[in-house]
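This is query19.txt (compact mmCIF, N, CA and C atoms).
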```txt
# COMPACT_ATOMS: atom_id res chain seq x y z
N MET A 1 -9.66 -22.90 7.35
CA MET A 1 -9.66 -22.63 5.94
C MET A 1 -8.31 -22.02 5.56
N ARG A 2 -7.65 -22.68 4.65
CA ARG A 2 -6.36 -22.17 4.19
C ARG A 2 -6.24 -22.40 2.70
N PRO A 3 -6.78 -21.45 1.93
CA PRO A 3 -6.67 -21.60 0.48
C PRO A 3 -5.22 -21.40 0.05
N HIS A 4 -4.87 -22.09 -1.05
CA HIS A 4 -3.53 -21.91 -1.60
C HIS A 4 -3.52 -20.61 -2.41
N LEU A 5 -2.68 -19.70 -2.01
CA LEU A 5 -2.56 -18.42 -2.71
C LEU A 5 -1.16 -18.33 -3.31
N PRO A 6 -1.06 -18.37 -4.62
CA PRO A 6 0.27 -18.38 -5.24
C PRO A 6 1.06 -17.10 -5.01
N HIS A 7 0.40 -16.02 -4.71
CA HIS A 7 1.09 -14.75 -4.53
C HIS A 7 0.89 -14.22 -3.11
N ALA A 8 0.98 -15.11 -2.13
CA ALA A 8 0.69 -14.75 -0.74
C ALA A 8 1.58 -13.62 -0.23
N ARG A 9 2.86 -13.61 -0.61
CA ARG A 9 3.76 -12.54 -0.14
C ARG A 9 3.30 -11.19 -0.65
N TRP A 10 2.88 -11.14 -1.92
CA TRP A 10 2.44 -9.87 -2.50
C TRP A 10 1.13 -9.40 -1.86
N ILE A 11 0.28 -10.33 -1.50
CA ILE A 11 -0.98 -9.98 -0.85
C ILE A 11 -0.69 -9.40 0.54
N LYS A 12 0.21 -10.03 1.26
CA LYS A 12 0.58 -9.52 2.59
C LYS A 12 1.23 -8.15 2.48
N LEU A 13 2.14 -7.99 1.55
CA LEU A 13 2.78 -6.70 1.35
C LEU A 13 1.75 -5.63 0.99
N SER A 14 0.82 -5.98 0.11
CA SER A 14 -0.23 -5.04 -0.29
C SER A 14 -1.10 -4.63 0.90
N ALA A 15 -1.43 -5.58 1.76
CA ALA A 15 -2.25 -5.27 2.93
C ALA A 15 -1.53 -4.27 3.83
N TRP A 16 -0.26 -4.52 4.11
CA TRP A 16 0.50 -3.63 4.98
C TRP A 16 0.73 -2.26 4.35
N LEU A 17 0.97 -2.23 3.04
CA LEU A 17 1.15 -0.95 2.36
C LEU A 17 -0.13 -0.13 2.34
N LEU A 18 -1.26 -0.78 2.11
CA LEU A 18 -2.53 -0.06 2.12
C LEU A 18 -2.84 0.47 3.51
N LEU A 19 -2.53 -0.32 4.54
CA LEU A 19 -2.72 0.17 5.91
C LEU A 19 -1.83 1.38 6.16
N ALA A 20 -0.58 1.33 5.70
CA ALA A 20 0.33 2.47 5.87
C ALA A 20 -0.21 3.71 5.16
N LEU A 21 -0.78 3.53 3.97
CA LEU A 21 -1.37 4.67 3.26
C LEU A 21 -2.56 5.25 4.01
N CYS A 22 -3.37 4.38 4.60
CA CYS A 22 -4.51 4.86 5.39
C CYS A 22 -4.03 5.62 6.63
N ILE A 23 -2.99 5.12 7.25
CA ILE A 23 -2.43 5.83 8.41
C ILE A 23 -1.91 7.20 7.98
N ALA A 24 -1.16 7.23 6.89
CA ALA A 24 -0.61 8.50 6.41
C ALA A 24 -1.73 9.49 6.09
N ALA A 25 -2.77 9.03 5.43
CA ALA A 25 -3.88 9.92 5.07
C ALA A 25 -4.60 10.43 6.31
N THR A 26 -4.56 9.66 7.38
CA THR A 26 -5.24 10.06 8.61
C THR A 26 -4.43 11.07 9.42
N VAL A 27 -3.12 10.96 9.41
CA VAL A 27 -2.32 11.78 10.32
C VAL A 27 -1.64 12.98 9.67
N VAL A 28 -1.58 13.04 8.34
CA VAL A 28 -0.93 14.20 7.71
C VAL A 28 -1.78 15.45 7.93
N PRO A 29 -1.16 16.63 7.84
CA PRO A 29 -1.95 17.86 7.94
C PRO A 29 -3.06 17.87 6.88
N ILE A 30 -4.14 18.52 7.21
CA ILE A 30 -5.34 18.48 6.37
C ILE A 30 -5.06 18.92 4.93
N GLY A 31 -4.15 19.84 4.73
CA GLY A 31 -3.83 20.31 3.39
C GLY A 31 -3.15 19.26 2.53
N LEU A 32 -2.51 18.28 3.15
CA LEU A 32 -1.81 17.22 2.41
C LEU A 32 -2.65 15.96 2.25
N ARG A 33 -3.82 15.95 2.87
CA ARG A 33 -4.68 14.78 2.83
C ARG A 33 -5.24 14.60 1.43
N PRO A 34 -5.24 13.36 0.91
CA PRO A 34 -5.83 13.13 -0.41
C PRO A 34 -7.34 13.33 -0.36
N HIS A 35 -7.88 13.84 -1.44
CA HIS A 35 -9.33 14.09 -1.50
C HIS A 35 -9.94 13.18 -2.55
N ALA A 36 -11.01 12.52 -2.15
CA ALA A 36 -11.72 11.63 -3.07
C ALA A 36 -13.00 12.32 -3.52
N MET A 37 -13.63 11.76 -4.50
CA MET A 37 -14.89 12.31 -4.99
C MET A 37 -16.07 11.80 -4.16
N LEU A 38 -15.78 10.94 -3.20
CA LEU A 38 -16.81 10.37 -2.35
C LEU A 38 -17.00 11.23 -1.10
N PRO A 39 -18.14 11.11 -0.44
CA PRO A 39 -18.28 11.75 0.87
C PRO A 39 -17.23 11.19 1.83
N PRO A 40 -16.80 11.98 2.79
CA PRO A 40 -15.71 11.53 3.68
C PRO A 40 -15.96 10.19 4.36
N ASN A 41 -17.18 9.96 4.86
CA ASN A 41 -17.43 8.68 5.55
C ASN A 41 -17.37 7.50 4.59
N ALA A 42 -17.84 7.68 3.37
CA ALA A 42 -17.75 6.60 2.38
C ALA A 42 -16.29 6.32 2.04
N ASP A 43 -15.51 7.39 1.92
CA ASP A 43 -14.07 7.27 1.63
C ASP A 43 -13.38 6.48 2.75
N ARG A 44 -13.66 6.84 3.99
CA ARG A 44 -13.06 6.14 5.13
C ARG A 44 -13.47 4.67 5.15
N ALA A 45 -14.76 4.43 5.02
CA ALA A 45 -15.27 3.06 5.10
C ALA A 45 -14.70 2.19 3.98
N LEU A 46 -14.68 2.72 2.76
CA LEU A 46 -14.16 1.93 1.64
C LEU A 46 -12.66 1.65 1.79
N ALA A 47 -11.91 2.65 2.25
CA ALA A 47 -10.47 2.44 2.44
C ALA A 47 -10.22 1.34 3.46
N PHE A 48 -10.91 1.38 4.58
CA PHE A 48 -10.70 0.37 5.61
C PHE A 48 -11.33 -0.97 5.24
N ALA A 49 -12.37 -0.97 4.40
CA ALA A 49 -12.92 -2.23 3.90
C ALA A 49 -11.88 -2.92 3.02
N ALA A 50 -11.19 -2.14 2.21
CA ALA A 50 -10.12 -2.71 1.37
C ALA A 50 -8.99 -3.26 2.24
N VAL A 51 -8.63 -2.53 3.28
CA VAL A 51 -7.60 -3.01 4.21
C VAL A 51 -8.04 -4.31 4.87
N GLY A 52 -9.28 -4.32 5.36
CA GLY A 52 -9.80 -5.53 6.01
C GLY A 52 -9.83 -6.72 5.07
N ALA A 53 -10.27 -6.50 3.85
CA ALA A 53 -10.34 -7.58 2.87
C ALA A 53 -8.95 -8.12 2.54
N LEU A 54 -8.00 -7.22 2.33
CA LEU A 54 -6.63 -7.68 2.02
C LEU A 54 -6.01 -8.44 3.19
N PHE A 55 -6.22 -7.96 4.41
CA PHE A 55 -5.66 -8.66 5.57
C PHE A 55 -6.34 -10.02 5.74
N ALA A 56 -7.65 -10.10 5.51
CA ALA A 56 -8.35 -11.38 5.62
C ALA A 56 -7.86 -12.36 4.57
N LEU A 57 -7.53 -11.86 3.39
CA LEU A 57 -6.99 -12.71 2.33
C LEU A 57 -5.54 -13.12 2.64
N ALA A 58 -4.77 -12.19 3.18
CA ALA A 58 -3.36 -12.46 3.47
C ALA A 58 -3.18 -13.40 4.66
N TYR A 59 -4.05 -13.30 5.64
CA TYR A 59 -3.95 -14.10 6.86
C TYR A 59 -5.28 -14.78 7.14
N PRO A 60 -5.69 -15.76 6.33
CA PRO A 60 -7.04 -16.32 6.43
C PRO A 60 -7.37 -17.01 7.75
N ARG A 61 -6.40 -17.55 8.42
CA ARG A 61 -6.68 -18.24 9.69
C ARG A 61 -6.76 -17.27 10.87
N GLN A 62 -6.29 -16.08 10.72
CA GLN A 62 -6.25 -15.13 11.82
C GLN A 62 -7.32 -14.04 11.70
N TRP A 63 -8.48 -14.35 11.12
CA TRP A 63 -9.47 -13.32 10.85
C TRP A 63 -9.95 -12.62 12.12
N LEU A 64 -10.08 -13.33 13.23
CA LEU A 64 -10.53 -12.68 14.47
C LEU A 64 -9.46 -11.74 15.01
N ALA A 65 -8.21 -12.17 15.00
CA ALA A 65 -7.11 -11.30 15.43
C ALA A 65 -7.01 -10.07 14.53
N ILE A 66 -7.23 -10.27 13.23
CA ILE A 66 -7.20 -9.15 12.28
C ILE A 66 -8.32 -8.17 12.61
N ALA A 67 -9.50 -8.68 12.91
CA ALA A 67 -10.63 -7.81 13.25
C ALA A 67 -10.32 -6.98 14.49
N ILE A 68 -9.79 -7.62 15.51
CA ILE A 68 -9.44 -6.90 16.74
C ILE A 68 -8.35 -5.88 16.46
N PHE A 69 -7.34 -6.28 15.71
CA PHE A 69 -6.23 -5.39 15.37
C PHE A 69 -6.71 -4.17 14.59
N LEU A 70 -7.56 -4.38 13.58
CA LEU A 70 -7.99 -3.25 12.75
C LEU A 70 -8.98 -2.34 13.47
N VAL A 71 -9.85 -2.89 14.30
CA VAL A 71 -10.76 -2.03 15.08
C VAL A 71 -9.96 -1.21 16.08
N GLY A 72 -9.07 -1.86 16.82
CA GLY A 72 -8.21 -1.12 17.75
C GLY A 72 -7.34 -0.13 17.01
N GLY A 73 -6.82 -0.55 15.87
CA GLY A 73 -5.98 0.32 15.06
C GLY A 73 -6.72 1.54 14.55
N ALA A 74 -7.98 1.37 14.17
CA ALA A 74 -8.77 2.51 13.68
C ALA A 74 -8.89 3.58 14.76
N PHE A 75 -9.13 3.15 15.99
CA PHE A 75 -9.23 4.12 17.10
C PHE A 75 -7.87 4.71 17.42
N ALA A 76 -6.82 3.90 17.38
CA ALA A 76 -5.48 4.41 17.65
C ALA A 76 -5.04 5.40 16.57
N ILE A 77 -5.28 5.05 15.33
CA ILE A 77 -4.91 5.93 14.22
C ILE A 77 -5.65 7.25 14.32
N GLU A 78 -6.94 7.17 14.60
CA GLU A 78 -7.75 8.39 14.71
C GLU A 78 -7.24 9.27 15.87
N SER A 79 -6.83 8.63 16.96
CA SER A 79 -6.35 9.41 18.11
C SER A 79 -5.02 10.12 17.83
N THR A 80 -4.25 9.64 16.85
CA THR A 80 -2.99 10.32 16.53
C THR A 80 -3.25 11.71 15.94
N GLN A 81 -4.47 11.98 15.53
CA GLN A 81 -4.78 13.30 15.00
C GLN A 81 -4.67 14.38 16.08
N PHE A 82 -4.65 13.98 17.34
CA PHE A 82 -4.43 14.95 18.42
C PHE A 82 -3.06 15.62 18.28
N LEU A 83 -2.14 14.96 17.59
CA LEU A 83 -0.79 15.49 17.42
C LEU A 83 -0.70 16.56 16.34
N SER A 84 -1.71 16.69 15.51
CA SER A 84 -1.70 17.66 14.41
C SER A 84 -2.72 18.75 14.68
N PRO A 85 -2.28 20.00 14.72
CA PRO A 85 -3.23 21.09 15.03
C PRO A 85 -4.29 21.29 13.95
N SER A 86 -4.05 20.84 12.72
CA SER A 86 -5.02 21.05 11.66
C SER A 86 -6.02 19.89 11.55
N ARG A 87 -5.85 18.86 12.37
CA ARG A 87 -6.74 17.69 12.30
C ARG A 87 -7.60 17.64 13.55
N HIS A 88 -8.75 17.01 13.42
CA HIS A 88 -9.70 16.93 14.53
C HIS A 88 -10.19 15.49 14.65
N PRO A 89 -9.66 14.75 15.63
CA PRO A 89 -10.07 13.36 15.77
C PRO A 89 -11.55 13.26 16.15
N SER A 90 -12.17 12.19 15.70
CA SER A 90 -13.59 12.01 15.94
C SER A 90 -13.88 10.55 16.24
N PHE A 91 -14.68 10.34 17.28
CA PHE A 91 -15.09 8.99 17.64
C PHE A 91 -15.89 8.37 16.50
N SER A 92 -16.75 9.17 15.87
CA SER A 92 -17.57 8.64 14.77
C SER A 92 -16.70 8.26 13.56
N ASP A 93 -15.63 8.99 13.30
CA ASP A 93 -14.72 8.61 12.21
C ASP A 93 -14.08 7.25 12.50
N ALA A 94 -13.68 7.04 13.74
CA ALA A 94 -13.08 5.76 14.11
C ALA A 94 -14.11 4.63 13.98
N LEU A 95 -15.35 4.91 14.33
CA LEU A 95 -16.40 3.90 14.17
C LEU A 95 -16.62 3.54 12.71
N VAL A 96 -16.61 4.55 11.83
CA VAL A 96 -16.79 4.32 10.40
C VAL A 96 -15.63 3.48 9.86
N LYS A 97 -14.42 3.80 10.26
CA LYS A 97 -13.25 3.03 9.83
C LYS A 97 -13.33 1.59 10.33
N SER A 98 -13.73 1.44 11.59
CA SER A 98 -13.87 0.09 12.16
C SER A 98 -14.92 -0.72 11.42
N ALA A 99 -16.06 -0.09 11.18
CA ALA A 99 -17.14 -0.79 10.46
C ALA A 99 -16.68 -1.18 9.06
N GLY A 100 -15.97 -0.30 8.39
CA GLY A 100 -15.45 -0.62 7.07
C GLY A 100 -14.52 -1.81 7.11
N ALA A 101 -13.63 -1.83 8.09
CA ALA A 101 -12.69 -2.95 8.22
C ALA A 101 -13.44 -4.26 8.45
N LEU A 102 -14.45 -4.24 9.32
CA LEU A 102 -15.20 -5.45 9.61
C LEU A 102 -15.99 -5.93 8.39
N VAL A 103 -16.55 -5.00 7.64
CA VAL A 103 -17.28 -5.38 6.41
C VAL A 103 -16.31 -6.00 5.41
N GLY A 104 -15.13 -5.41 5.27
CA GLY A 104 -14.13 -5.96 4.36
C GLY A 104 -13.69 -7.36 4.75
N ILE A 105 -13.48 -7.57 6.04
CA ILE A 105 -13.09 -8.89 6.54
C ILE A 105 -14.21 -9.89 6.27
N ALA A 106 -15.44 -9.52 6.61
CA ALA A 106 -16.57 -10.43 6.42
C ALA A 106 -16.78 -10.75 4.94
N ALA A 107 -16.68 -9.75 4.10
CA ALA A 107 -16.86 -9.98 2.67
C ALA A 107 -15.81 -10.93 2.12
N MET A 108 -14.55 -10.74 2.51
CA MET A 108 -13.49 -11.62 2.02
C MET A 108 -13.65 -13.02 2.58
N ARG A 109 -14.08 -13.14 3.82
CA ARG A 109 -14.32 -14.47 4.39
C ARG A 109 -15.39 -15.20 3.59
N CYS A 110 -16.46 -14.49 3.23
CA CYS A 110 -17.53 -15.10 2.43
C CYS A 110 -17.00 -15.55 1.07
N VAL A 111 -16.22 -14.70 0.43
CA VAL A 111 -15.64 -15.05 -0.87
C VAL A 111 -14.75 -16.28 -0.73
N MET A 112 -13.96 -16.33 0.31
CA MET A 112 -13.04 -17.46 0.50
C MET A 112 -13.80 -18.76 0.79
N ILE A 113 -14.88 -18.67 1.56
CA ILE A 113 -15.68 -19.87 1.85
C ILE A 113 -16.31 -20.40 0.57
N VAL A 114 -16.89 -19.52 -0.23
CA VAL A 114 -17.49 -19.94 -1.50
C VAL A 114 -16.42 -20.53 -2.41
N TRP A 115 -15.26 -19.90 -2.46
CA TRP A 115 -14.17 -20.38 -3.31
C TRP A 115 -13.72 -21.78 -2.88
N MET A 116 -13.55 -21.98 -1.57
CA MET A 116 -13.10 -23.27 -1.07
C MET A 116 -14.15 -24.35 -1.33
N ARG A 117 -15.42 -24.02 -1.17
CA ARG A 117 -16.48 -24.99 -1.43
C ARG A 117 -16.54 -25.36 -2.91
N SER A 118 -16.32 -24.37 -3.77
CA SER A 118 -16.37 -24.66 -5.21
C SER A 118 -15.19 -25.50 -5.65
N LYS A 119 -14.05 -25.34 -4.97
CA LYS A 119 -12.87 -26.14 -5.31
C LYS A 119 -13.02 -27.59 -4.84
N SER A 120 -13.74 -27.79 -3.74
CA SER A 120 -13.87 -29.14 -3.19
C SER A 120 -14.97 -29.95 -3.89
N SER A 121 -15.81 -29.30 -4.65
CA SER A 121 -16.87 -30.05 -5.34
C SER A 121 -16.58 -30.29 -6.80
```
Translate the structure described by the file into structure tokens.
Amino acid sequence: MRPHLPHARWIKLSAWLLLALCIAATVVPIGLRPHAMLPPNADRALAFAAVGALFALAYPRQWLAIAIFLVGGAFAIESTQFLSPSRHPSFSDALVKSAGALVGIAAMRCVMIVWMRSKSS
């Protein structure tokens, strides 16, 4: 599946920038971390769902590689909190981020499949 995306470069740039923002929010000292009105796990899951969806849209043929990259990345990013004395890495936080990324990828794949089917009929 390779839909024609007129703004593919911007989608790719957006995916990488959002991932960079998620990394920054994860590794900065706790006092500099952005605070949302959502519970922390919902915030984590939604942020990584958005990352997963953007990456799935930006690289539609590489969805499995993206899934592996983002799940591994969630654990790697979470482990960088060992470098900051004010942060406390958590296996469950990495799981929530991973699940969010996978949900985002799956949701975008579904949207793309429906879109491609509607264009072909």
- line: Between A:Ala65, A:Ala94, A:Ile77, A:Ala107, smallest distance to A:Cys22 by only N, CA and C atoms belongs to A:Ile77
- request: Report the residues of chain A whose backbone DSSP state falls under alpha helix (DSSP H), written as a ChimeraX atom specification.
  value: /A:8-27,40-58,63-79,91-120
task: Go through A:His88, A:Arg44, A:Lys119, A:Arg61 one by one, measure the shortest atom-to-atom distance of each to A:Ala101 using all atoms listed in the file, and give the residue with the smallest value.
output: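 The closest residue to A:Ala101 is A:Arg44.
Distances here use all atoms listed in the file; by that measure, the residue among A:Thr26, A:Ser118, A:Leu32, A:Leu57 closest to A:Ala8 is A:Leu57.
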query: Could you tell me, as JSON, numbers by chain, which residues have any atom at most 8 Å from (-8.0, -2.0, 6.4), counting all atoms listed in the file?
result: {"A": [15, 18, 19, 22, 46, 47, 48, 49, 50, 51, 52, 53, 54, 55, 70, 97, 100, 101, 102, 104, 105]}
Output file for the selection above: N, CA and C atoms, as a compact mmCIF listing (two decimals), in the frame of the given file:
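Everything below was put into out_9.txt:
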```
# COMPACT_ATOMS: atom_id res chain seq x y z
N ALA A 15 -1.43 -5.58 1.76
CA ALA A 15 -2.25 -5.27 2.93
C ALA A 15 -1.53 -4.27 3.83
N LEU A 18 -1.26 -0.78 2.11
CA LEU A 18 -2.53 -0.06 2.12
C LEU A 18 -2.84 0.47 3.51
N LEU A 19 -2.53 -0.32 4.54
CA LEU A 19 -2.72 0.17 5.91
C LEU A 19 -1.83 1.38 6.16
N CYS A 22 -3.37 4.38 4.60
CA CYS A 22 -4.51 4.86 5.39
C CYS A 22 -4.03 5.62 6.63
N LEU A 46 -14.68 2.72 2.76
CA LEU A 46 -14.16 1.93 1.64
C LEU A 46 -12.66 1.65 1.79
N ALA A 47 -11.91 2.65 2.25
CA ALA A 47 -10.47 2.44 2.44
C ALA A 47 -10.22 1.34 3.46
N PHE A 48 -10.91 1.38 4.58
CA PHE A 48 -10.70 0.37 5.61
C PHE A 48 -11.33 -0.97 5.24
N ALA A 49 -12.37 -0.97 4.40
CA ALA A 49 -12.92 -2.23 3.90
C ALA A 49 -11.88 -2.92 3.02
N ALA A 50 -11.19 -2.14 2.21
CA ALA A 50 -10.12 -2.71 1.37
C ALA A 50 -8.99 -3.26 2.24
N VAL A 51 -8.63 -2.53 3.28
CA VAL A 51 -7.60 -3.01 4.21
C VAL A 51 -8.04 -4.31 4.87
N GLY A 52 -9.28 -4.32 5.36
CA GLY A 52 -9.80 -5.53 6.01
C GLY A 52 -9.83 -6.72 5.07
N ALA A 53 -10.27 -6.50 3.85
CA ALA A 53 -10.34 -7.58 2.87
C ALA A 53 -8.95 -8.12 2.54
N LEU A 54 -8.00 -7.22 2.33
CA LEU A 54 -6.63 -7.68 2.02
C LEU A 54 -6.01 -8.44 3.19
N PHE A 55 -6.22 -7.96 4.41
CA PHE A 55 -5.66 -8.66 5.57
C PHE A 55 -6.34 -10.02 5.74
N LEU A 70 -7.56 -4.38 13.58
CA LEU A 70 -7.99 -3.25 12.75
C LEU A 70 -8.98 -2.34 13.47
N LYS A 97 -14.42 3.80 10.26
CA LYS A 97 -13.25 3.03 9.83
C LYS A 97 -13.33 1.59 10.33
N GLY A 100 -15.97 -0.30 8.39
CA GLY A 100 -15.45 -0.62 7.07
C GLY A 100 -14.52 -1.81 7.11
N ALA A 101 -13.63 -1.83 8.09
CA ALA A 101 -12.69 -2.95 8.22
C ALA A 101 -13.44 -4.26 8.45
N LEU A 102 -14.45 -4.24 9.32
CA LEU A 102 -15.20 -5.45 9.61
C LEU A 102 -15.99 -5.93 8.39
N GLY A 104 -15.13 -5.41 5.27
CA GLY A 104 -14.13 -5.96 4.36
C GLY A 104 -13.69 -7.36 4.75
N ILE A 105 -13.48 -7.57 6.04
CA ILE A 105 -13.09 -8.89 6.54
C ILE A 105 -14.21 -9.89 6.27
```
Å distance separating atom CA of A:Trp10 from atom N of A:Ala106, one decimal place: 20.1 Å
query: What is the atom CA of A:Val28-atom CA of A:Gln81 distance in Å, reported with one decimal?
result: 8.3 Å
- prompt: Do you have the atom CA of A:Ala42-atom CA of A:Ala99 distance handy?
  reply: 11.0 Å
task: Pick out the residues sitting within 8 Å of A:Glu78, and hand them over as a list of chain:residue names; count all atoms listed in the file, and ignore anything fewer than 2 positions along from it in its own chain.
output: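 Result of the neighbour search: A:Ile23, A:Thr26, A:Val27, A:Gly72, A:Gly73, A:Ala74, A:Phe75, A:Ala76, A:Thr80, A:Gln81, A:Phe82, A:Leu83, A:His88, A:Pro89, A:Ser90, A:Phe91, A:Asp93, A:Ala94.
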Residue nearest A:Ile11 - candidates A:Val96, A:Ser79, A:Met37, A:Ala58, atoms counted: all atoms listed in the file: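 Answer, going by the shortest atom-to-atom distance: A:Ala58.
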